[in-house]
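J.: data_11.pdb is reproduced in full below (PDB, C-alpha atoms and all ligand atoms).
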```
ATOM      1  CA  MET A  58       3.061  -9.242   2.741
ATOM      2  CA  LYS A  59       5.419 -10.704   5.237
ATOM      3  CA  SER A  60       7.767  -9.216   7.760
ATOM      4  CA  ASN A  61      11.521  -9.604   7.607
ATOM      5  CA  TYR A  62      12.622  -9.746  11.210
ATOM      6  CA  ILE A  63      16.184 -10.919  10.597
ATOM      7  CA  CYS A  64      16.778  -8.138   8.074
ATOM      8  CA  VAL A  65      15.463  -5.645  10.594
ATOM      9  CA  MET A  66      17.841  -6.790  13.285
ATOM     10  CA  LEU A  67      20.783  -6.565  10.882
ATOM     11  CA  MET A  68      19.690  -3.136   9.732
ATOM     12  CA  LEU A  69      19.357  -1.864  13.291
ATOM     13  CA  LEU A  70      22.868  -3.095  13.998
ATOM     14  CA  LEU A  71      24.216  -1.378  10.875
ATOM     15  CA  THR A  72      22.284   1.793  11.602
ATOM     16  CA  SER A  73      23.771   2.073  15.065
ATOM     17  CA  VAL A  74      27.280   1.641  13.608
ATOM     18  CA  VAL A  75      26.916   4.402  11.024
ATOM     19  CA  ALA A  76      24.777   6.690  13.200
ATOM     20  CA  CYS A  77      27.750   8.641  14.594
ATOM     21  CA  SER A  78      29.206   9.532  11.205
ATOM     22  CA  SER A  79      25.879  10.671   9.716
ATOM     23  CA  ASN A  80      24.921  13.103  12.512
ATOM     24  CA  LYS A  81      26.575  16.123  10.917
ATOM     25  CA  LYS A  82      24.934  15.555   7.554
ATOM     26  CA  SER A  83      21.416  15.307   8.998
ATOM     27  CA  VAL A  84      21.883  18.588  10.878
ATOM     28  CA  GLU A  85      22.918  20.330   7.645
ATOM     29  CA  GLU A  86      19.912  18.863   5.830
ATOM     30  CA  THR A  87      17.398  20.082   8.369
ATOM     31  CA  GLU A  88      18.846  23.591   8.215
ATOM     32  CA  LYS A  89      17.977  23.960   4.527
ATOM     33  CA  LYS A  90      14.365  25.130   4.472
ATOM     34  CA  LYS A  91      12.287  25.272   1.301
ATOM     35  CA  PRO A  92       9.934  28.176   0.582
ATOM     36  CA  THR A  93       6.302  27.328   1.321
ATOM     37  CA  VAL A  94       3.835  27.260  -1.580
ATOM     38  CA  THR A  95       0.148  27.564  -0.762
ATOM     39  CA  VAL A  96      -1.963  25.013  -2.620
ATOM     40  CA  ASN A  97      -5.645  24.290  -2.357
ATOM     41  CA  VAL A  98      -5.802  20.693  -1.125
ATOM     42  CA  PRO A  99      -9.223  18.999  -1.185
ATOM     43  CA  SER A 100     -10.724  17.538   2.000
ATOM     44  CA  PHE A 101     -10.616  13.776   2.222
ATOM     45  CA  ASN A 102     -13.982  12.210   3.008
ATOM     46  CA  ALA A 103     -13.499   9.218   5.312
ATOM     47  CA  ASP A 104     -17.211   8.331   5.139
ATOM     48  CA  SER A 105     -16.976   7.677   1.440
ATOM     49  CA  ALA A 106     -13.685   5.763   1.823
ATOM     50  CA  TYR A 107     -15.443   3.630   4.445
ATOM     51  CA  GLN A 108     -18.280   2.898   2.011
ATOM     52  CA  TYR A 109     -15.818   1.745  -0.666
ATOM     53  CA  ILE A 110     -14.259  -0.599   1.894
ATOM     54  CA  GLN A 111     -17.684  -1.937   2.859
ATOM     55  CA  ALA A 112     -18.516  -2.480  -0.810
ATOM     56  CA  GLN A 113     -15.408  -4.648  -1.231
ATOM     57  CA  ALA A 114     -16.104  -6.573   1.974
ATOM     58  CA  ASP A 115     -19.640  -7.263   0.738
ATOM     59  CA  PHE A 116     -18.205  -9.363  -2.099
ATOM     60  CA  GLY A 117     -16.652 -11.684   0.498
ATOM     61  CA  PRO A 118     -12.982 -12.737   0.343
ATOM     62  CA  ARG A 119     -11.468 -11.568  -2.973
ATOM     63  CA  VAL A 120      -9.257 -14.580  -3.545
ATOM     64  CA  PRO A 121      -7.985 -15.016  -7.127
ATOM     65  CA  ASN A 122      -9.893 -17.614  -9.204
ATOM     66  CA  THR A 123     -13.162 -17.053  -7.304
ATOM     67  CA  ALA A 124     -16.417 -15.435  -8.438
ATOM     68  CA  ALA A 125     -16.129 -12.800  -5.675
ATOM     69  CA  HIS A 126     -12.700 -11.819  -6.962
ATOM     70  CA  LYS A 127     -13.978 -11.400 -10.502
ATOM     71  CA  ALA A 128     -17.012  -9.394  -9.395
ATOM     72  CA  CYS A 129     -14.950  -7.107  -7.177
ATOM     73  CA  GLY A 130     -12.422  -6.526  -9.978
ATOM     74  CA  ASP A 131     -15.268  -5.412 -12.236
ATOM     75  CA  TYR A 132     -16.555  -3.108  -9.485
ATOM     76  CA  LEU A 133     -13.146  -1.466  -8.967
ATOM     77  CA  ALA A 134     -12.548  -0.889 -12.674
ATOM     78  CA  ALA A 135     -16.061   0.575 -13.003
ATOM     79  CA  GLN A 136     -15.499   2.896 -10.033
ATOM     80  CA  LEU A 137     -12.252   4.252 -11.485
ATOM     81  CA  GLU A 138     -14.040   4.783 -14.800
ATOM     82  CA  LEU A 139     -16.876   6.568 -12.993
ATOM     83  CA  PHE A 140     -14.324   8.856 -11.336
ATOM     84  CA  GLY A 141     -12.949   9.881 -14.708
ATOM     85  CA  ALA A 142      -9.772   7.821 -14.900
ATOM     86  CA  LYS A 143      -8.426   6.238 -18.060
ATOM     87  CA  VAL A 144      -8.649   2.612 -17.015
ATOM     88  CA  TYR A 145      -6.280  -0.198 -17.975
ATOM     89  CA  ASN A 146      -6.918  -3.820 -17.078
ATOM     90  CA  GLN A 147      -3.843  -5.938 -17.004
ATOM     91  CA  TYR A 148      -4.762  -9.622 -17.095
ATOM     92  CA  ALA A 149      -2.087 -12.203 -16.405
ATOM     93  CA  ASP A 150      -1.758 -15.863 -15.480
ATOM     94  CA  LEU A 151       0.555 -15.875 -12.471
ATOM     95  CA  VAL A 152       2.056 -18.945 -10.841
ATOM     96  CA  ALA A 153       1.494 -19.306  -7.078
ATOM     97  CA  TYR A 154       3.769 -20.969  -4.478
ATOM     98  CA  ASP A 155       2.002 -24.314  -5.085
ATOM     99  CA  ASN A 156       1.957 -23.873  -8.903
ATOM    100  CA  THR A 157      -1.717 -22.901  -8.977
ATOM    101  CA  ILE A 158      -2.311 -20.631 -11.974
ATOM    102  CA  LEU A 159      -3.911 -17.445 -10.705
ATOM    103  CA  LYS A 160      -6.108 -15.551 -13.144
ATOM    104  CA  ALA A 161      -4.865 -12.172 -11.984
ATOM    105  CA  ARG A 162      -5.898  -8.648 -12.894
ATOM    106  CA  ASN A 163      -4.039  -5.440 -12.100
ATOM    107  CA  ILE A 164      -6.383  -2.476 -12.426
ATOM    108  CA  ILE A 165      -4.917   0.914 -13.282
ATOM    109  CA  GLY A 166      -6.613   4.311 -13.349
ATOM    110  CA  ALA A 167      -4.600   7.111 -14.993
ATOM    111  CA  TYR A 168      -5.279  10.814 -14.465
ATOM    112  CA  ASN A 169      -3.779  13.346 -16.860
ATOM    113  CA  PRO A 170      -2.087  10.482 -18.739
ATOM    114  CA  GLU A 171      -0.218  12.867 -21.077
ATOM    115  CA  SER A 172       1.759  14.499 -18.277
ATOM    116  CA  ARG A 173       5.336  13.332 -17.825
ATOM    117  CA  ARG A 174       5.280  14.544 -14.207
ATOM    118  CA  ARG A 175       3.626  11.628 -12.425
ATOM    119  CA  VAL A 176       3.117  10.065  -9.024
ATOM    120  CA  LEU A 177       1.954   6.499  -8.559
ATOM    121  CA  LEU A 178      -0.467   5.465  -5.790
ATOM    122  CA  CYS A 179      -1.065   1.795  -5.160
ATOM    123  CA  ALA A 180      -2.639  -0.853  -2.933
ATOM    124  CA  HIS A 181      -3.408  -4.550  -3.314
ATOM    125  CA  TRP A 182      -7.020  -5.532  -3.901
ATOM    126  CA  ASP A 183      -6.900  -9.307  -3.470
ATOM    127  CA  SER A 184      -7.436 -10.943  -0.108
ATOM    128  CA  ARG A 185      -5.443 -13.789   1.397
ATOM    129  CA  PRO A 186      -6.736 -17.345   0.872
ATOM    130  CA  TYR A 187      -5.499 -18.418   4.312
ATOM    131  CA  ALA A 188      -6.004 -17.195   7.854
ATOM    132  CA  ASP A 189      -2.721 -18.888   8.710
ATOM    133  CA  TYR A 190      -2.052 -16.641  11.717
ATOM    134  CA  ASP A 191      -5.479 -17.211  13.243
ATOM    135  CA  PRO A 192      -5.285 -18.375  16.869
ATOM    136  CA  ASP A 193      -7.707 -21.167  15.938
ATOM    137  CA  GLU A 194      -5.878 -23.704  13.790
ATOM    138  CA  ARG A 195      -9.144 -24.808  12.165
ATOM    139  CA  ASN A 196      -9.217 -21.435  10.401
ATOM    140  CA  HIS A 197      -5.773 -21.669   8.867
ATOM    141  CA  ARG A 198      -7.003 -22.876   5.484
ATOM    142  CA  LYS A 199      -9.959 -20.492   5.330
ATOM    143  CA  PRO A 200      -9.736 -17.209   3.408
ATOM    144  CA  ILE A 201      -9.673 -13.897   5.259
ATOM    145  CA  LEU A 202     -12.074 -11.072   4.521
ATOM    146  CA  GLY A 203      -9.057  -8.804   4.121
ATOM    147  CA  VAL A 204     -10.777  -5.602   5.140
ATOM    148  CA  ASN A 205      -7.777  -3.817   6.595
ATOM    149  CA  ASP A 206      -5.294  -6.001   4.702
ATOM    150  CA  GLY A 207      -6.377  -5.112   1.182
ATOM    151  CA  ALA A 208      -9.690  -3.277   1.085
ATOM    152  CA  SER A 209      -8.619  -0.320   3.269
ATOM    153  CA  GLY A 210      -5.869   0.872   0.914
ATOM    154  CA  VAL A 211      -8.139   0.464  -2.093
ATOM    155  CA  GLY A 212     -10.978   2.305  -0.320
ATOM    156  CA  VAL A 213      -8.734   5.266   0.468
ATOM    157  CA  LEU A 214      -7.505   5.382  -3.129
ATOM    158  CA  LEU A 215     -11.042   5.261  -4.538
ATOM    159  CA  GLU A 216     -11.828   8.319  -2.446
ATOM    160  CA  VAL A 217      -8.623   9.948  -3.722
ATOM    161  CA  ALA A 218      -9.827   9.123  -7.273
ATOM    162  CA  ARG A 219     -13.155  10.831  -6.567
ATOM    163  CA  GLN A 220     -11.274  13.942  -5.412
ATOM    164  CA  LEU A 221      -8.982  13.865  -8.458
ATOM    165  CA  GLN A 222     -12.017  14.043 -10.711
ATOM    166  CA  LYS A 223     -13.402  17.079  -8.872
ATOM    167  CA  GLN A 224     -10.140  19.023  -8.777
ATOM    168  CA  ALA A 225      -7.102  18.103 -10.827
ATOM    169  CA  PRO A 226      -3.674  18.447  -9.201
ATOM    170  CA  ALA A 227      -0.715  19.921 -11.134
ATOM    171  CA  ILE A 228       0.707  16.495 -11.978
ATOM    172  CA  GLY A 229      -0.487  13.207 -13.470
ATOM    173  CA  ILE A 230      -1.542  10.446 -11.068
ATOM    174  CA  ASP A 231      -1.763   6.714 -11.602
ATOM    175  CA  ILE A 232      -3.738   4.588  -9.194
ATOM    176  CA  ILE A 233      -2.815   0.921  -9.347
ATOM    177  CA  PHE A 234      -4.722  -1.854  -7.659
ATOM    178  CA  PHE A 235      -2.314  -4.789  -7.616
ATOM    179  CA  ASP A 236      -3.644  -8.314  -7.605
ATOM    180  CA  ALA A 237      -2.240 -11.509  -6.041
ATOM    181  CA  GLU A 238      -0.212  -9.746  -3.364
ATOM    182  CA  ASP A 239      -1.381 -11.971  -0.552
ATOM    183  CA  TYR A 240      -1.136 -15.473  -2.066
ATOM    184  CA  GLY A 241       2.325 -16.059  -0.568
ATOM    185  CA  THR A 242       3.495 -19.359   0.883
ATOM    186  CA  PRO A 243       1.372 -20.212   3.946
ATOM    187  CA  ARG A 244       2.932 -21.313   7.216
ATOM    188  CA  PHE A 245       1.505 -24.821   6.859
ATOM    189  CA  HIS A 246       3.015 -25.448   3.399
ATOM    190  CA  LYS A 247       5.271 -28.515   3.348
ATOM    191  CA  GLY A 248       6.154 -28.636  -0.379
ATOM    192  CA  PRO A 249       9.262 -27.292  -2.132
ATOM    193  CA  TYR A 250      10.213 -23.767  -1.108
ATOM    194  CA  LYS A 251       9.881 -21.013  -3.695
ATOM    195  CA  GLU A 252      11.191 -17.436  -3.473
ATOM    196  CA  HIS A 253       9.100 -14.378  -4.347
ATOM    197  CA  THR A 254       5.666 -15.890  -3.811
ATOM    198  CA  TRP A 255       4.159 -12.653  -2.456
ATOM    199  CA  CYS A 256       3.263  -9.589  -4.526
ATOM    200  CA  LEU A 257       2.799 -11.491  -7.791
ATOM    201  CA  GLY A 258       0.720  -8.713  -9.367
ATOM    202  CA  SER A 259       3.269  -5.981  -8.692
ATOM    203  CA  GLN A 260       6.089  -8.258  -9.840
ATOM    204  CA  TYR A 261       4.254  -8.682 -13.125
ATOM    205  CA  TRP A 262       3.521  -4.963 -13.474
ATOM    206  CA  GLY A 263       7.128  -4.079 -12.621
ATOM    207  CA  ARG A 264       8.300  -6.208 -15.533
ATOM    208  CA  VAL A 265       5.466  -5.285 -17.906
ATOM    209  CA  PRO A 266       4.074  -1.853 -17.032
ATOM    210  CA  HIS A 267       0.623  -0.929 -18.360
ATOM    211  CA  VAL A 268       2.203   1.579 -20.779
ATOM    212  CA  ALA A 269       5.616   1.293 -22.436
ATOM    213  CA  ASN A 270       8.461   3.247 -20.775
ATOM    214  CA  TYR A 271       6.264   4.079 -17.802
ATOM    215  CA  ASN A 272       7.863   6.321 -15.238
ATOM    216  CA  ALA A 273       6.827   8.196 -12.109
ATOM    217  CA  ARG A 274       8.726  10.395  -9.669
ATOM    218  CA  TYR A 275       7.821   8.035  -6.856
ATOM    219  CA  GLY A 276       5.083   5.795  -5.585
ATOM    220  CA  ILE A 277       3.040   5.544  -2.396
ATOM    221  CA  LEU A 278       1.752   2.139  -1.365
ATOM    222  CA  LEU A 279      -1.093   1.876   1.147
ATOM    223  CA  ASP A 280      -1.448  -1.356   3.100
ATOM    224  CA  MET A 281      -3.543  -1.855   6.248
ATOM    225  CA  VAL A 282      -4.346   1.831   6.541
ATOM    226  CA  GLY A 283      -7.756   1.650   8.225
ATOM    227  CA  GLY A 284      -7.268  -0.059  11.566
ATOM    228  CA  LYS A 285      -8.418   1.474  14.832
ATOM    229  CA  GLY A 286      -5.378   2.997  16.533
ATOM    230  CA  GLY A 287      -3.273   2.306  13.432
ATOM    231  CA  THR A 288       0.297   3.566  13.499
ATOM    232  CA  PHE A 289       2.534   4.065  10.501
ATOM    233  CA  TYR A 290       6.170   3.886  11.414
ATOM    234  CA  GLN A 291       8.768   4.479   8.723
ATOM    235  CA  GLU A 292       9.188   1.139   7.009
ATOM    236  CA  GLN A 293      12.841   0.262   6.489
ATOM    237  CA  PHE A 294      12.960  -0.650   2.808
ATOM    238  CA  SER A 295      11.086   2.575   1.990
ATOM    239  CA  LYS A 296      13.460   4.618   4.099
ATOM    240  CA  ARG A 297      16.501   3.140   2.421
ATOM    241  CA  THR A 298      15.284   3.455  -1.177
ATOM    242  CA  ALA A 299      12.885   6.414  -0.983
ATOM    243  CA  GLY A 300      14.187   8.359   2.014
ATOM    244  CA  LYS A 301      13.362  11.776   0.562
ATOM    245  CA  GLU A 302       9.750  10.768  -0.050
ATOM    246  CA  VAL A 303       9.408   9.209   3.402
ATOM    247  CA  LYS A 304      10.462  12.545   4.885
ATOM    248  CA  LYS A 305       8.031  14.430   2.622
ATOM    249  CA  ILE A 306       5.079  12.222   3.607
ATOM    250  CA  TRP A 307       5.770  12.147   7.345
ATOM    251  CA  ASP A 308       6.382  15.920   7.369
ATOM    252  CA  ALA A 309       3.027  16.416   5.605
ATOM    253  CA  ALA A 310       1.267  14.193   8.154
ATOM    254  CA  HIS A 311       2.782  16.147  11.054
ATOM    255  CA  ARG A 312       1.851  19.459   9.424
ATOM    256  CA  LEU A 313      -1.758  18.240   9.326
ATOM    257  CA  GLY A 314      -1.716  17.190  12.984
ATOM    258  CA  PHE A 315      -1.482  13.419  12.441
ATOM    259  CA  LYS A 316       1.714  12.813  14.356
ATOM    260  CA  GLU A 317       0.073  10.148  16.536
ATOM    261  CA  PHE A 318      -0.630   8.111  13.403
ATOM    262  CA  PHE A 319       2.733   8.792  11.759
ATOM    263  CA  PRO A 320       5.508   8.541  14.365
ATOM    264  CA  LYS A 321       8.866   9.565  12.933
ATOM    265  CA  LYS A 322      10.328   6.294  14.104
ATOM    266  CA  GLU A 323      11.696   3.280  12.358
ATOM    267  CA  GLY A 324       9.335   0.381  11.769
ATOM    268  CA  THR A 325      10.089  -3.089  10.548
ATOM    269  CA  GLU A 326      11.094  -4.129   7.043
ATOM    270  CA  VAL A 327       8.451  -5.831   4.954
ATOM    271  CA  THR A 328       8.207  -7.600   1.643
ATOM    272  CA  ASP A 329       5.395  -5.737  -0.026
ATOM    273  CA  ASP A 330       4.509  -4.372  -3.466
ATOM    274  CA  HIS A 331       6.801  -1.354  -3.033
ATOM    275  CA  VAL A 332       9.857  -3.642  -3.141
ATOM    276  CA  TYR A 333       9.012  -4.802  -6.680
ATOM    277  CA  VAL A 334       7.943  -1.353  -7.853
ATOM    278  CA  TYR A 335      11.432  -0.239  -6.886
ATOM    279  CA  GLU A 336      13.434  -3.266  -7.984
ATOM    280  CA  TYR A 337      11.685  -4.022 -11.275
ATOM    281  CA  ALA A 338      10.392  -0.606 -12.364
ATOM    282  CA  GLN A 339      13.111   1.461 -10.618
ATOM    283  CA  ILE A 340      10.535   3.762  -9.048
ATOM    284  CA  PRO A 341      11.170   4.649  -5.392
ATOM    285  CA  CYS A 342       8.044   3.730  -3.487
ATOM    286  CA  VAL A 343       7.004   4.344   0.119
ATOM    287  CA  ASP A 344       4.961   1.739   1.979
ATOM    288  CA  ILE A 345       2.527   3.321   4.414
ATOM    289  CA  ILE A 346       1.763   0.205   6.429
ATOM    290  CA  ASN A 347       0.448  -0.445   9.884
ATOM    291  CA  TYR A 348       3.163  -1.361  12.365
ATOM    292  CA  ASP A 349       2.406  -2.536  15.851
ATOM    293  CA  PRO A 350       5.656  -2.383  17.839
ATOM    294  CA  ASP A 351       4.232  -4.497  20.668
ATOM    295  CA  GLY A 352       2.529  -7.195  18.616
ATOM    296  CA  TYR A 353       3.738 -10.688  17.831
ATOM    297  CA  THR A 354       3.692 -10.232  14.034
ATOM    298  CA  GLY A 355       4.410  -6.486  13.939
ATOM    299  CA  PHE A 356       1.238  -5.810  11.935
ATOM    300  CA  GLY A 357      -1.479  -6.113  14.575
ATOM    301  CA  ASP A 358      -3.346  -9.110  15.953
ATOM    302  CA  PHE A 359      -5.959  -9.026  13.143
ATOM    303  CA  TRP A 360      -3.292  -9.807  10.543
ATOM    304  CA  HIS A 361      -4.029 -12.923   8.468
ATOM    305  CA  THR A 362      -6.798 -13.937  10.854
ATOM    306  CA  GLN A 363     -10.594 -14.037  10.806
ATOM    307  CA  LYS A 364     -10.542 -10.804  12.800
ATOM    308  CA  ASP A 365      -9.658  -8.739   9.745
ATOM    309  CA  ASN A 366     -13.238  -7.527   9.196
ATOM    310  CA  MET A 367     -15.205  -4.240   9.228
ATOM    311  CA  ASP A 368     -15.212  -4.135  13.045
ATOM    312  CA  ILE A 369     -11.574  -3.081  13.195
ATOM    313  CA  ILE A 370     -11.905  -0.182  10.730
ATOM    314  CA  ASP A 371     -11.776   3.376  12.049
ATOM    315  CA  LYS A 372     -12.593   6.439   9.978
ATOM    316  CA  ALA A 373     -10.082   8.546  11.937
ATOM    317  CA  THR A 374      -7.251   6.361  10.625
ATOM    318  CA  LEU A 375      -8.626   6.442   7.072
ATOM    319  CA  ASN A 376      -8.839  10.216   7.308
ATOM    320  CA  ALA A 377      -5.259  10.622   8.574
ATOM    321  CA  VAL A 378      -3.858   8.539   5.732
ATOM    322  CA  GLY A 379      -6.151   9.854   2.995
ATOM    323  CA  GLN A 380      -5.679  13.518   3.887
ATOM    324  CA  THR A 381      -1.911  13.046   4.065
ATOM    325  CA  VAL A 382      -1.841  11.471   0.593
ATOM    326  CA  LEU A 383      -3.898  14.367  -0.804
ATOM    327  CA  GLU A 384      -1.611  16.891   0.907
ATOM    328  CA  VAL A 385       1.436  15.293  -0.700
ATOM    329  CA  ILE A 386       0.141  14.902  -4.242
ATOM    330  CA  TYR A 387      -1.546  18.314  -4.497
ATOM    331  CA  ASN A 388       1.698  19.944  -3.386
ATOM    332  CA  GLU A 389       3.633  18.364  -6.263
ATOM    333  CA  GLN A 390       4.392  20.850  -9.035
TER     334      GLN A 390
HETATM  335 ZN    ZN B   1      -1.700  -9.774   3.913
END
```
Mind turning this structure into C-alpha cells?
Ligand SMILES: [Zn+2]

T.:
Amino acid sequence: MKSNYICVMLMLLLTSVVACSSNKKSVEETEKKKPTVTVNVPSFNADSAYQYIQAQADFGPRVPNTAAHKACGDYLAAQLELFGAKVYNQYADLVAYDNTILKARNIIGAYNPESRRRVLLCAHWDSRPYADYDPDERNHRKPILGVNDGASGVGVLLEVARQLQKQAPAIGIDIIFFDAEDYGTPRFHKGPYKEHTWCLGSQYWGRVPHVANYNARYGILLDMVGGKGGTFYQEQFSKRTAGKEVKKIWDAAHRLGFKEFFPKKEGTEVTDDHVYVYEYAQIPCVDIINYDPDGYTGFGDFWHTQKDNMDIIDKATLNAVGQTVLEVIYNEQ
C-alpha cells in the first residue's frame, strides 16, 4: 500500500474545523452504554501464527508470476482446507502499472457459508517485487521478503482459521487472502502514470466477489501486524467509512489490555485493500495497519526494504492483534 500524506494534512485541517461542532454529539454517544454479553472467546496462539509466517517466508518472495508465489498460494489454500473452510480460488489476469499481466489468485476460506450474518477478515498474501524504499539503491529492483508486509496478516488469519474450526462463532466468517496488493508503481518508474495500481486483487474481488450478491456486516484488514513494537493508530479512511467498527475494535483491544498497541489516536490515511472493499463491494472495512508516527514513511523503517524479514517479527504484537480479532468476531451475534 502507499501512504497519502496530502490527504492526511487536508483531513487534519478539516477535522480541526468541525471538531467544535461535534463535541456535544460525541459526549452523548459515550453516555449510551450497551449491556455486556459474556462470550467464550478462544485464546489466540501466537506461536502457531509465527509458524505460519515462517512457512510463507520459507517460500521466498511471493511475487506474482513466480514459482514461489504459485507454491505459497497452494500452501495457503491447503491450510484453509485443513482448517475446515470452504475454499474458493479466484484466478484472474490482472494488469500491472507497466502492463505486465499478473497471474493472480485470491484465496477465500468461508466458515458457516449459509449464514447471512457475516464478517470478512482479509490480508494480502503477495510480496512486493521491489525494495524501492531500501536505503541501498542497488536493492530497489529486488523483491522484498514481505514478512511483516504480507505474511504477518496472513499468518494471524491462518491461526484465526484454526480457532474457527475448533469452536464456531455465532456468525459466518470469510477469510480472504488478496493477491497483487503490493505491485504498485515503484518510485523509479519513468513510464506513463496509471491510477489504481495497488491492491489489484481486492479491486478484482470488489467487482467480482467469489459468490454472487456477497455481503458482510463489515471487514477487518490486517497489514503489517507482526512488527516488534508495532502500533496501530486509527487509520483515517477506516475511521471515516467504518467509524463504528473502528470504535468496536479499539475498545476490544483496550478491554484486553492492548492499549499500547492500539492507541486511540488518528493515524495516516493509506491506500490499501480496505478502500476497494468499501468502494467496490460497499462493505465498510477497517485497516489494522502499523503506523510509526516518527518514521519517514509512516509505516516503519522496514517498509519496502530488505529489512522486512523474520527478525522484525514479535509474537507479542501478533498476539495483541490476533486476540483482538477473536474478541471482536466471537462477540458478534
Ligand atoms: Zn507493501

J.: Which residues would end up in the selection if the PyMOL selection byres (((not hetatm)) within 10 of (chain B and resi 1)) were applied here, given that I need the answer as an NGL selection string?

T.: :A and (58-59 or 181 or 183-188 or 201 or 203 or 205-207 or 238-241 or 255-256 or 280-281 or 329 or 356 or 360-362 or 365)

J.: Quick one: everything within 10 Å of A:Val332, counting all atoms listed in the file, minus sequence neighbours fewer than 2 positions away in the same chain. Send it as a ChimeraX atom specification.

T.: /A:256,259-260,263,294-295,298,327-330,334-344

J.: Which residue out of A:Asn102, A:Gln224, A:Asp231, A:Asp349 has the minimum interatomic distance to A:Asn272 when only C-alpha atoms are used?

T.: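 With only C-alpha atoms as the atom set, the closest residue is A:Asp231.
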
J.: Give as a list in words the residues that the PyMOL selection byres (((chain A and resi 273) around 8) and not hetatm) matches when applied to the coordinates above.

T.: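 Given this file, the PyMOL selection byres (((chain A and resi 273) around 8) and not hetatm) evaluates to Arg173, Arg174, Arg175, Val176, Leu177, Tyr271, Asn272, Arg274, Tyr275, Gly276 and Ile340 of chain A.
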
J.: Written as a list in words, which residues does the PyMOL selection byres (((chain A and resi 105) around 12) and not hetatm) give for the file shown?

T.: Ser100, Phe101, Asn102, Ala103, Asp104, Ala106, Tyr107, Gln108, Tyr109, Ile110, Gln111, Ala112, Ser209, Val211, Gly212, Val213, Leu214, Leu215, Glu216, Val217, Ala218, Arg219, Gln220, Lys372, Leu375, Asn376 and Gly379 of chain A

J.: How big is the axis-aligned box, and where does its centre sit, when it encloses all atoms of stretch 344-348 of chain A listed in the file and has 5 Å added on every side, reported in Å to one decimal as AutoDock Vina command-line options?

T.:
```
--center_x 2.7 --center_y 1.0 --center_z 7.2 --size_x 14.5 --size_y 14.7 --size_z 20.4
```

J.: Nearest to A:Asn97: which of A:Pro350, A:Pro226, A:Gly324, A:Pro266 is it, counting all atoms listed in the file?

T.: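 Distance minimum relative to A:Asn97 lands on A:Pro226.
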
J.: Of the candidates A:Asn122, A:Thr381, A:Gln113, A:Gln291, which one gets nearest to A:Ala310 if we count all atoms listed in the file?

T.: A:Thr381

J.: Leaving out A:Val385 and any residue of its chain fewer than 2 positions from it, which residues lie within 8 Å of it when counting all atoms listed in the file, given as a list in words?

T.: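 Skipping anything fewer than 2 positions along the chain leaves Lys305, Ile306, Ala309, Thr381, Val382, Leu383, Tyr387, Asn388 and Glu389 of chain A.
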
J.: If you measure from atom CA of A:Tyr132 to atom CA of A:Asp115, what distance in Å do you get, rounded to one decimal?

T.: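 Those two atoms sit 11.5 Å apart.
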
J.: Using all atoms listed in the file for the distances, tell me which of A:Gly258, A:Thr242, A:Lys301, A:Val204 is nearest to A:Ala149.

T.: A:Gly258

J.: To one decimal place in Å, what is the distance between atom CA of A:Ala208 and atom CA of A:Lys285?

T.: 14.6 Å

J.: Between atom CA of A:Pro121 and atom CA of A:Leu279, what is the distance, to one decimal in Å?

T.: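 That distance, rounded to one decimal, is 20.0 Å.
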
J.: Under the rule that only C-alpha atoms are counted, which of A:Glu302, A:Lys247, A:Phe319, A:Thr325 is the nearest residue to A:Asp155?

T.: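 Smallest distance to A:Asp155 is found for A:Lys247.
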
J.: Have a look at A:Ile232, A:Asn196, A:Cys129, A:Thr95 and name the one nearest to A:Ala114; count all atoms listed in the file.

T.: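 Residue with the minimum atom-to-atom distance to A:Ala114: A:Cys129.
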
J.: Using only C-alpha atoms, which residues sit within 8 Å of stretch 137-148 of chain A once same-chain residues fewer than 6 positions away are excluded, as a PDB file with C-alpha atoms, in the frame of the given file?

T.:
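As written to disk, around-v5.pdb reads:
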```
ATOM      1  CA  LYS A 160      -6.108 -15.551 -13.144  1.00  0.00           C
ATOM      2  CA  ALA A 161      -4.865 -12.172 -11.984  1.00  0.00           C
ATOM      3  CA  ARG A 162      -5.898  -8.648 -12.894  1.00  0.00           C
ATOM      4  CA  ASN A 163      -4.039  -5.440 -12.100  1.00  0.00           C
ATOM      5  CA  ILE A 164      -6.383  -2.476 -12.426  1.00  0.00           C
ATOM      6  CA  ILE A 165      -4.917   0.914 -13.282  1.00  0.00           C
ATOM      7  CA  GLY A 166      -6.613   4.311 -13.349  1.00  0.00           C
ATOM      8  CA  ALA A 167      -4.600   7.111 -14.993  1.00  0.00           C
ATOM      9  CA  TYR A 168      -5.279  10.814 -14.465  1.00  0.00           C
ATOM     10  CA  PRO A 170      -2.087  10.482 -18.739  1.00  0.00           C
ATOM     11  CA  LEU A 215     -11.042   5.261  -4.538  1.00  0.00           C
ATOM     12  CA  ALA A 218      -9.827   9.123  -7.273  1.00  0.00           C
ATOM     13  CA  ARG A 219     -13.155  10.831  -6.567  1.00  0.00           C
ATOM     14  CA  LEU A 221      -8.982  13.865  -8.458  1.00  0.00           C
ATOM     15  CA  GLN A 222     -12.017  14.043 -10.711  1.00  0.00           C
ATOM     16  CA  HIS A 267       0.623  -0.929 -18.360  1.00  0.00           C
TER      17      HIS A 267
END
```

J.: Any chance you could model N, CA and C atoms for stretch 280-285 of chain A and send them as a JSON list (two decimals), in the coordinates of the input?

T.:
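Just written: rebuild.json:
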```json
[["chain", "number", "residue", "atom", "x", "y", "z"],
["A", 280, "ASP", "N", -1.15, 0.02, 2.70],
["A", 280, "ASP", "CA", -1.45, -1.36, 3.10],
["A", 280, "ASP", "C", -1.83, -1.35, 4.58],
["A", 281, "MET", "N", -3.02, -1.82, 4.87],
["A", 281, "MET", "CA", -3.54, -1.86, 6.25],
["A", 281, "MET", "C", -3.60, -0.44, 6.84],
["A", 282, "VAL", "N", -4.33, 0.42, 6.16],
["A", 282, "VAL", "CA", -4.35, 1.83, 6.54],
["A", 282, "VAL", "C", -5.66, 2.25, 7.20],
["A", 283, "GLY", "N", -6.46, 1.28, 7.67],
["A", 283, "GLY", "CA", -7.76, 1.65, 8.22],
["A", 283, "GLY", "C", -8.01, 1.17, 9.64],
["A", 284, "GLY", "N", -7.03, 0.55, 10.26],
["A", 284, "GLY", "CA", -7.27, -0.06, 11.57],
["A", 284, "GLY", "C", -7.39, 0.96, 12.69],
["A", 285, "LYS", "N", -8.27, 0.62, 13.65],
["A", 285, "LYS", "CA", -8.42, 1.47, 14.83],
["A", 285, "LYS", "C", -7.08, 1.57, 15.55]]
```
